[in-house]
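S.K.: The structure that follows is given in the form of structure tokens.
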Amino acid sequence: MKPFTIIKTEKEDLEKQVNNLVSAFMTRRILAFLIICFTLSISANAQDLPIGNGKKYTLGEIKVTGSTRYNESTVISFTRLKTGDELYIPGQRLSNVIKKLWDLDMFSDIEFYITNVKDGVADLELVITDIPKLSEVRIQGIKKKRDKEELIDENKLKTGVNVTENLITNTKNYIENKYKKDGYFNAKVAINTIEVKDTTNNNLVNMVVNIDTGDKVKIKDIDIIGNDQLSDAKLKRAMKNTKEKRIYRFWKRSKFNREDYQTDKQSLVNKLKENGFRDARIISDSLVKIDENNIALNINVEEGDKYYIGNIEFVGNTVYTDEFLHRALGIKKGDTYNGVLMNERIEDAEDPNATNISTIYRNNGYLFSSFNLVETNVYNDTIDFELRITEGKEAYFDEIRVVGNNKTKDHVIYRNLLTKPGQKYNQQDVVSTVRELGSLGFFDAEQLSPEFIDPDPQTGTLSLEYNVVEAGASQIELQGGYGGGGFIGTLGLSFNNFSIAGIFDKEAYKPVPMGDGQRLSLRAQASTFYQTYSLSFVEPWLGGKKPVQLSTSFSYTRQFLYNYYEREADRSRSFDILGVSVGFGKRLTEPDPYLQISHSIGFQRYDLNNYNTGLFTYGDGFSNNLTYTLGITRDNTRYNPIFPVGGSIFSITAKFTPPYSLWNGVDYNDLENQREFQLEDDNGNLIDNSGNRVTPANAVGDQSKIDQEKYKWLEFYKVKFQGDWYTTLANFGENKNLVLRTNVEYGFLGAYNHDRGVPPFERFYLGGDGLGSYSLDGRETIRLRGYPNQSLIPLDRTSLSQASEEDGATIYNKYSLELRFPITLKPSASIYALTFLEGGASYDNFRDFNPFQLNRSAGAGLRIFMPAFGLLGIDFGYGFDPIPGMSEANGWETHFIIGQQF
């Protein structure tokens, strides 16, 4: 067989990217064949010319061989060559046939061979090889499954696609460029294809993509040229995410990211504009590679002249006067020109809560208003402005809809909407409604989105649709741990979107009736020496018309006297506590809608059975506790209650008992001199502390009887204050805010009657994580990381040693600073990391109170919120100060957080 290679076309020169023809059905291929056959027939009728030393032959037999899935007769028909044709070999006609075959993008190799020549008749063999098809793709070198799937999708590497050299080259270049844009300048990609051996002769290959991203290059230097008025340091600080490599840099990356760099270049220009340089611009910038791991950025800026504000006039305003708009703008003649600030004062699209002229109009119904700031005159270094206002018609809501709620009933959502049909549009009401729906806890706060439907500037109407994504509202608490002197097990169920109206509806149990926004909580906790059971129910809208909250609770505790040294409980000595409470809360409208006031009445019955401790001198007896609690709370945090990014929470609570000593006629200072409260033996004879009989003049008071009288009905008042501020320090993208939480707390327990004193209940216990808190005697566990549970109690002033753990404190203060950064805020699990500094102390009286003498700690932790389990977390805290009564710093403590917040 004699080959001729002059007319062979190189694959590398002619091959094109795979098109959709190869993945279509056979009917589409046949259609393509017919179209090209028609074209070839026209070419065949054109004059055939020799190429090189081409000779004219009569075409004899034609054969099609090679690796192909196409039928031989179909391919021959496609070429439009037939026995008896006269043509030059090599010649123009055969060259055109080969080019048309290449244009199909179906073949990886095409060659004609002369197999026989006799009497001017030449037999030809057409050898073709189909382009292989992709069977599967394997990506190596990166770990995340999502990243792999994105690369496959972005490069359209789907099963059945033709694997051409063009496809391989484009895929390689795309991936390398993608990683280089992210700062991986040394990224390398190698792509191999492996033939799939099978019996179907389908010419399949597997593709293996090996990715070596290398390390991200870092920015060693940023050189800014052309800035005479503003220093390099100020301009570099304006570039929030493009930073030079420095040893001290912890929070900001020095790794290069092209998208961040483009954004930061605009921030640099804005910084110049903020300082009066209206015409500032970047003339040029370049990236210089220093070595494999370091680059330098050279930025050439032109500052231009510095300008000042001249006259500012308002045109088109009828709703607000010029004087009012001047005050709202807050920029006056003679100020340094600041284009960025001026635009923000007029309209800030990035912050819907910002106070500016736009929000003033839109909070008053003028949704369709528009604002156009125009420079009317530039003279010397001064610019005059004209703000042209198109007020438009007042907008009114036509229809308000909520979509996406499958469990939560419509009325629960609609009663929390601050926007109503027929109401004048108010932008603040829309923003506040999003916050209200997010705070319910029934929906994913990060995905709440209001959407305007059919806004019509001509009629001044629009509809509003709130899109909600429901999150799990029920939680289970299953806890086991060591605290309070023994093992503690807890089982709790909390249904935060309960429906008591559905308890008799069998079909509503999925697994319990849901959807009415009520809260039902059941909790049981037990250890070797106590059991606690509690039930609570909350109806947030009593009567369904106003946000009046009804809350009820019932609790029962039995605890046995526990010996902490022997780690045994004496079950013959018990302390029973029965408690019930009813409360009402109401959201106020003045001075703002964030304020809530609550009232509650509670009653606890304490029964002691041979239960003697440092606080209870009467081991057999009882106490009654009837209280009224007033609470005022202002909560304007936004927007996610799990991870607030702004706003604050303030609360003050005051708890009172009736002042019984004002009317009961008991002289508590003289009880020891009264016969019924003096020590006596079993026969009723007066005795002293040693058991000796004494005369009435030498009688001794029986402290247990005296205390039983004092605490028959508890008498006290208790005041607490807590404030939390949330401040976003930096934003690293969507839902990536670095947030500072600042917290202060104070508490005081006092007595009306000094002779009666502060009761042994309702005290503060500072320190630890609170998991060891088990008693329902009104005590409050104040968590302070870096120290053991309930360890920061005042010293006994008489012995200067640590008081008993049961004593607690009557005064405490606490301060915290906490930096939080979210890892993910998805509905299935919200996770954020934190670091903290905090300090606190507790006291017995104001003589010892010192707000600056604190038990200090620092550390880090992690929080995970899952709808089914509530808040979980762990903290590692280091206590810098000794526990009262000790001499050395407490050191490291590990704290587990379950269903609670710090």
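By order of appearance in the structure tokens: chains A, B, ..., then residues from 1 within every chain, and ligands from 1 in the order shown.
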Could you name the residues that touch A:Arg401 at 9 Å or less, counting only C-alpha atoms, but leaving out those on the same chain fewer than 3 positions away, as a list in words?

M.R.: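 Neighbouring residues, sequence-local ones excluded: Tyr414, Ser463, Leu464, Glu465, Tyr466 and Asn467 of chain A.
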
S.K.: So what do you get for atom CA of A:Ala524 versus atom CA of A:Arg558, distance-wise?

M.R.: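 That distance, rounded to one decimal, is 11.9 Å.
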
S.K.: Sorted by chain and rising residue number, which residues of stretch 284-335 of chain A lie within 10 Å of stretch 166-185 of chain A, and what are their closest atom pairs and distances in Å to one decimal, counting only C-alpha atoms, as JSON lines?

M.R.:
{"residue": "A:Lys289", "atom": "CA", "partner": "A:Phe185", "partner_atom": "CA", "distance": 9.4}
{"residue": "A:Glu292", "atom": "CA", "partner": "A:Phe185", "partner_atom": "CA", "distance": 8.2}
{"residue": "A:Asn293", "atom": "CA", "partner": "A:Phe185", "partner_atom": "CA", "distance": 8.4}
{"residue": "A:Asn294", "atom": "CA", "partner": "A:Phe185", "partner_atom": "CA", "distance": 9.6}
{"residue": "A:Ile295", "atom": "CA", "partner": "A:Phe185", "partner_atom": "CA", "distance": 9.7}

S.K.: Next, the residues of the selection above should be written as a short mmCIF file (atom, residue, chain, number, x, y, z; two decimals), in the first residue's frame with C-alpha atoms.

M.R.:
data_model
loop_
_atom_site.label_atom_id
_atom_site.label_comp_id
_atom_site.auth_asym_id
_atom_site.auth_seq_id
_atom_site.Cartn_x
_atom_site.Cartn_y
_atom_site.Cartn_z
CA LYS A 289 6.35 38.81 40.97
CA GLU A 292 7.42 32.03 44.02
CA ASN A 293 5.59 33.13 47.15
CA ASN A 294 5.67 36.92 47.11
CA ILE A 295 4.47 39.73 44.89
#

S.K.: Please identify which residues in stretch 75-135 of chain A DSSP calls strand (DSSP E) from the backbone, and express them as a PyMOL selection string.

M.R.: chain A and resi 86-91+107-118+121-130+133-135

S.K.: Skipping near chain neighbours, those fewer than 3 positions away, what residues fall within 9 Å of A:Ile652 using only C-alpha atoms, listed as an MDAnalysis selection string?

M.R.: chainID A and resid 630:633 719:723

S.K.: Any chance you can output those residues with N, CA, C and O atoms as a PDB file, in the first residue's frame?

M.R.:
ATOM      1  N   LEU A 630     -41.347  42.714  88.183  1.00  0.00           N
ATOM      2  CA  LEU A 630     -41.548  43.676  87.115  1.00  0.00           C
ATOM      3  C   LEU A 630     -40.299  43.665  86.228  1.00  0.00           C
ATOM      4  O   LEU A 630     -39.175  43.786  86.730  1.00  0.00           O
ATOM      5  N   GLY A 631     -40.491  43.498  84.932  1.00  0.00           N
ATOM      6  CA  GLY A 631     -39.364  43.480  84.009  1.00  0.00           C
ATOM      7  C   GLY A 631     -39.581  44.435  82.852  1.00  0.00           C
ATOM      8  O   GLY A 631     -40.684  44.521  82.299  1.00  0.00           O
ATOM      9  N   ILE A 632     -38.541  45.158  82.492  1.00  0.00           N
ATOM     10  CA  ILE A 632     -38.586  46.052  81.330  1.00  0.00           C
ATOM     11  C   ILE A 632     -37.414  45.684  80.432  1.00  0.00           C
ATOM     12  O   ILE A 632     -36.261  45.668  80.884  1.00  0.00           O
ATOM     13  N   THR A 633     -37.711  45.391  79.174  1.00  0.00           N
ATOM     14  CA  THR A 633     -36.679  44.956  78.229  1.00  0.00           C
ATOM     15  C   THR A 633     -36.801  45.745  76.939  1.00  0.00           C
ATOM     16  O   THR A 633     -37.916  45.980  76.453  1.00  0.00           O
ATOM     17  N   VAL A 719     -32.955  43.356  92.564  1.00  0.00           N
ATOM     18  CA  VAL A 719     -32.884  44.166  91.356  1.00  0.00           C
ATOM     19  C   VAL A 719     -31.718  43.691  90.502  1.00  0.00           C
ATOM     20  O   VAL A 719     -30.621  43.451  91.016  1.00  0.00           O
ATOM     21  N   LYS A 720     -31.970  43.548  89.195  1.00  0.00           N
ATOM     22  CA  LYS A 720     -30.914  43.141  88.262  1.00  0.00           C
ATOM     23  C   LYS A 720     -30.948  44.031  87.023  1.00  0.00           C
ATOM     24  O   LYS A 720     -32.013  44.459  86.584  1.00  0.00           O
ATOM     25  N   PHE A 721     -29.756  44.287  86.502  1.00  0.00           N
ATOM     26  CA  PHE A 721     -29.631  45.012  85.232  1.00  0.00           C
ATOM     27  C   PHE A 721     -28.671  44.254  84.332  1.00  0.00           C
ATOM     28  O   PHE A 721     -27.632  43.766  84.784  1.00  0.00           O
ATOM     29  N   GLN A 722     -29.031  44.157  83.043  1.00  0.00           N
ATOM     30  CA  GLN A 722     -28.142  43.544  82.062  1.00  0.00           C
ATOM     31  C   GLN A 722     -28.225  44.314  80.759  1.00  0.00           C
ATOM     32  O   GLN A 722     -29.306  44.679  80.301  1.00  0.00           O
ATOM     33  N   GLY A 723     -27.058  44.578  80.166  1.00  0.00           N
ATOM     34  CA  GLY A 723     -26.991  45.259  78.880  1.00  0.00           C
ATOM     35  C   GLY A 723     -26.049  44.546  77.936  1.00  0.00           C
ATOM     36  O   GLY A 723     -24.957  44.117  78.333  1.00  0.00           O
TER      37      GLY A 723
END

S.K.: Excluding A:Asn210 and any residue of its chain fewer than 3 positions from it, enumerate the residues within 6 Å of it, using only C-alpha atoms, and give them as a short mmCIF file (atom, residue, chain, number, x, y, z; two decimals) with C-alpha atoms, in the first residue's frame.

M.R.:
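Once everything was written out, this is selection29.cif:
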data_model
loop_
_atom_site.label_atom_id
_atom_site.label_comp_id
_atom_site.auth_asym_id
_atom_site.auth_seq_id
_atom_site.Cartn_x
_atom_site.Cartn_y
_atom_site.Cartn_z
CA GLN A 140 -7.41 15.12 42.33
CA GLY A 141 -5.59 17.67 44.46
CA VAL A 189 -3.02 21.56 36.20
CA ALA A 190 -2.24 18.31 34.38
#

S.K.: Check the DSSP output for the backbone and give back, as a PyMOL selection string, the residues of stretch 389-576 of chain A in alpha helix (DSSP H).

M.R.: chain A and resi 410-414+427-439

S.K.: Create the file for the chosen residues now, containing N, CA, C and O atoms and written as a CSV table (one decimal), in the first residue's frame.

M.R.:
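What landed in result_1.csv:
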chain,number,residue,atom,x,y,z
A,410,ASP,N,-50.9,31.0,59.1
A,410,ASP,CA,-50.8,32.4,58.6
A,410,ASP,C,-51.0,33.4,59.7
A,410,ASP,O,-50.3,34.5,59.7
A,411,HIS,N,-52.0,33.2,60.5
A,411,HIS,CA,-52.3,34.3,61.5
A,411,HIS,C,-51.2,34.6,62.4
A,411,HIS,O,-51.0,35.7,62.9
A,412,VAL,N,-50.3,33.6,62.7
A,412,VAL,CA,-49.1,33.8,63.6
A,412,VAL,C,-48.2,34.7,62.9
A,412,VAL,O,-47.5,35.6,63.6
A,413,ILE,N,-48.0,34.6,61.6
A,413,ILE,CA,-47.1,35.5,60.9
A,413,ILE,C,-47.7,36.9,60.7
A,413,ILE,O,-47.1,37.9,60.9
A,414,TYR,N,-49.0,36.9,60.2
A,414,TYR,CA,-49.6,38.2,59.8
A,414,TYR,C,-49.7,39.1,61.1
A,414,TYR,O,-49.7,40.3,60.9
A,427,GLN,N,-40.5,52.4,54.7
A,427,GLN,CA,-39.4,51.5,54.6
A,427,GLN,C,-38.9,50.9,55.9
A,427,GLN,O,-38.6,49.8,56.0
A,428,GLN,N,-39.0,51.7,57.0
A,428,GLN,CA,-38.6,51.2,58.3
A,428,GLN,C,-39.6,50.1,58.8
A,428,GLN,O,-39.1,49.2,59.4
A,429,ASP,N,-40.8,50.2,58.4
A,429,ASP,CA,-41.8,49.1,58.8
A,429,ASP,C,-41.4,47.8,58.1
A,429,ASP,O,-41.5,46.7,58.7
A,430,VAL,N,-40.9,47.9,56.8
A,430,VAL,CA,-40.5,46.7,56.1
A,430,VAL,C,-39.3,46.1,56.8
A,430,VAL,O,-39.2,44.9,57.0
A,431,VAL,N,-38.3,46.9,57.1
A,431,VAL,CA,-37.1,46.4,57.8
A,431,VAL,C,-37.4,45.9,59.1
A,431,VAL,O,-36.9,44.8,59.5
A,432,SER,N,-38.3,46.5,59.9
A,432,SER,CA,-38.6,46.0,61.2
A,432,SER,C,-39.4,44.7,61.2
A,432,SER,O,-39.3,43.9,62.0
A,433,THR,N,-40.2,44.6,60.1
A,433,THR,CA,-41.0,43.3,60.0
A,433,THR,C,-40.1,42.1,59.7
A,433,THR,O,-40.3,41.1,60.3
A,434,VAL,N,-39.0,42.4,58.9
A,434,VAL,CA,-38.0,41.3,58.7
A,434,VAL,C,-37.4,40.9,60.0
A,434,VAL,O,-37.2,39.7,60.3
A,435,ARG,N,-37.1,41.9,60.8
A,435,ARG,CA,-36.5,41.6,62.2
A,435,ARG,C,-37.5,40.9,63.1
A,435,ARG,O,-37.1,39.9,63.7
A,436,GLU,N,-38.7,41.3,63.0
A,436,GLU,CA,-39.7,40.6,63.9
A,436,GLU,C,-39.9,39.1,63.5
A,436,GLU,O,-39.9,38.3,64.3
A,437,LEU,N,-40.0,38.9,62.2
A,437,LEU,CA,-40.1,37.5,61.7
A,437,LEU,C,-38.9,36.7,62.1
A,437,LEU,O,-39.0,35.5,62.4
A,438,GLY,N,-37.7,37.3,62.0
A,438,GLY,CA,-36.5,36.6,62.3
A,438,GLY,C,-36.4,36.2,63.8
A,438,GLY,O,-35.9,35.2,64.2
A,439,SER,N,-36.9,37.1,64.6
A,439,SER,CA,-36.8,36.9,66.1
A,439,SER,C,-37.8,35.9,66.6
A,439,SER,O,-37.7,35.4,67.7

S.K.: Do you know which residues are at most 9 Å from A:Tyr765 counting only C-alpha atoms, after dropping those on the same chain fewer than 5 positions away, and could you put them as a list in words?

M.R.: Ser773, Arg779, Glu780, Thr781, Ile782, Arg783, Asn789, Gln790, Ser791, Leu792, Ile793, Glu805, Glu806, Asp807, Gly808, Ala809, Tyr812 and Ser842 of chain A

S.K.: Write the residues of the preceding selection, restricted to C-alpha atoms, as a PDB file, in the first residue's frame.

M.R.:
ATOM      1  CA  SER A 773     -27.078  24.688  89.020  1.00  0.00           C
ATOM      2  CA  ARG A 779     -30.871  31.197  93.297  1.00  0.00           C
ATOM      3  CA  GLU A 780     -29.314  32.593  90.144  1.00  0.00           C
ATOM      4  CA  THR A 781     -26.177  31.127  88.632  1.00  0.00           C
ATOM      5  CA  ILE A 782     -24.051  33.840  87.052  1.00  0.00           C
ATOM      6  CA  ARG A 783     -21.715  32.215  84.559  1.00  0.00           C
ATOM      7  CA  ASN A 789     -18.989  26.422  89.092  1.00  0.00           C
ATOM      8  CA  GLN A 790     -20.263  28.652  91.939  1.00  0.00           C
ATOM      9  CA  SER A 791     -16.691  29.192  93.178  1.00  0.00           C
ATOM     10  CA  LEU A 792     -16.537  33.004  93.264  1.00  0.00           C
ATOM     11  CA  ILE A 793     -18.378  33.621  96.525  1.00  0.00           C
ATOM     12  CA  GLU A 805     -20.944  27.024  98.713  1.00  0.00           C
ATOM     13  CA  GLU A 806     -24.536  27.235  99.961  1.00  0.00           C
ATOM     14  CA  ASP A 807     -24.114  30.847 101.171  1.00  0.00           C
ATOM     15  CA  GLY A 808     -24.027  32.571  97.800  1.00  0.00           C
ATOM     16  CA  ALA A 809     -23.846  36.373  97.563  1.00  0.00           C
ATOM     17  CA  TYR A 812     -22.529  40.819  91.970  1.00  0.00           C
ATOM     18  CA  SER A 842     -19.642  38.942  94.187  1.00  0.00           C
TER      19      SER A 842
END

S.K.: Using Å and a single decimal, report how far atom CA of A:Asp875 sits from atom CA of A:Ala889.

M.R.: 18.2 Å

S.K.: Grab the atom CA of A:Phe849 to atom CA of A:Pro794 distance for me, in Å with one decimal place.

M.R.: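 Spanning atom CA of A:Phe849 to atom CA of A:Pro794 is a straight-line distance of 10.5 Å.
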
S.K.: Rank A:Asp232, A:Asp724, A:Glu259, A:Glu762 by their smallest atom-to-atom distance to A:Ile649, using only C-alpha atoms, and report the top residue only.

M.R.: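 Of A:Asp232, A:Asp724, A:Glu259, A:Glu762, the one nearest A:Ile649, counting only C-alpha atoms, is A:Asp724.
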
S.K.: Applying 10 Å and only C-alpha atoms, which residues near A:Phe732 remain after dropping the ones on its own chain fewer than 3 positions away? List them as an MDAnalysis selection string.

M.R.: chainID A and resid 240:241 252 735:738 821

S.K.: Would you pick out the contacts of A:Ile897 at 7 Å or less, using only C-alpha atoms, so that residues sharing its chain but fewer than 4 positions from it are not included, and give the list as a list in words?

M.R.: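 The filter keeps Asp769, Leu872, Gly873 and Ile874 of chain A.
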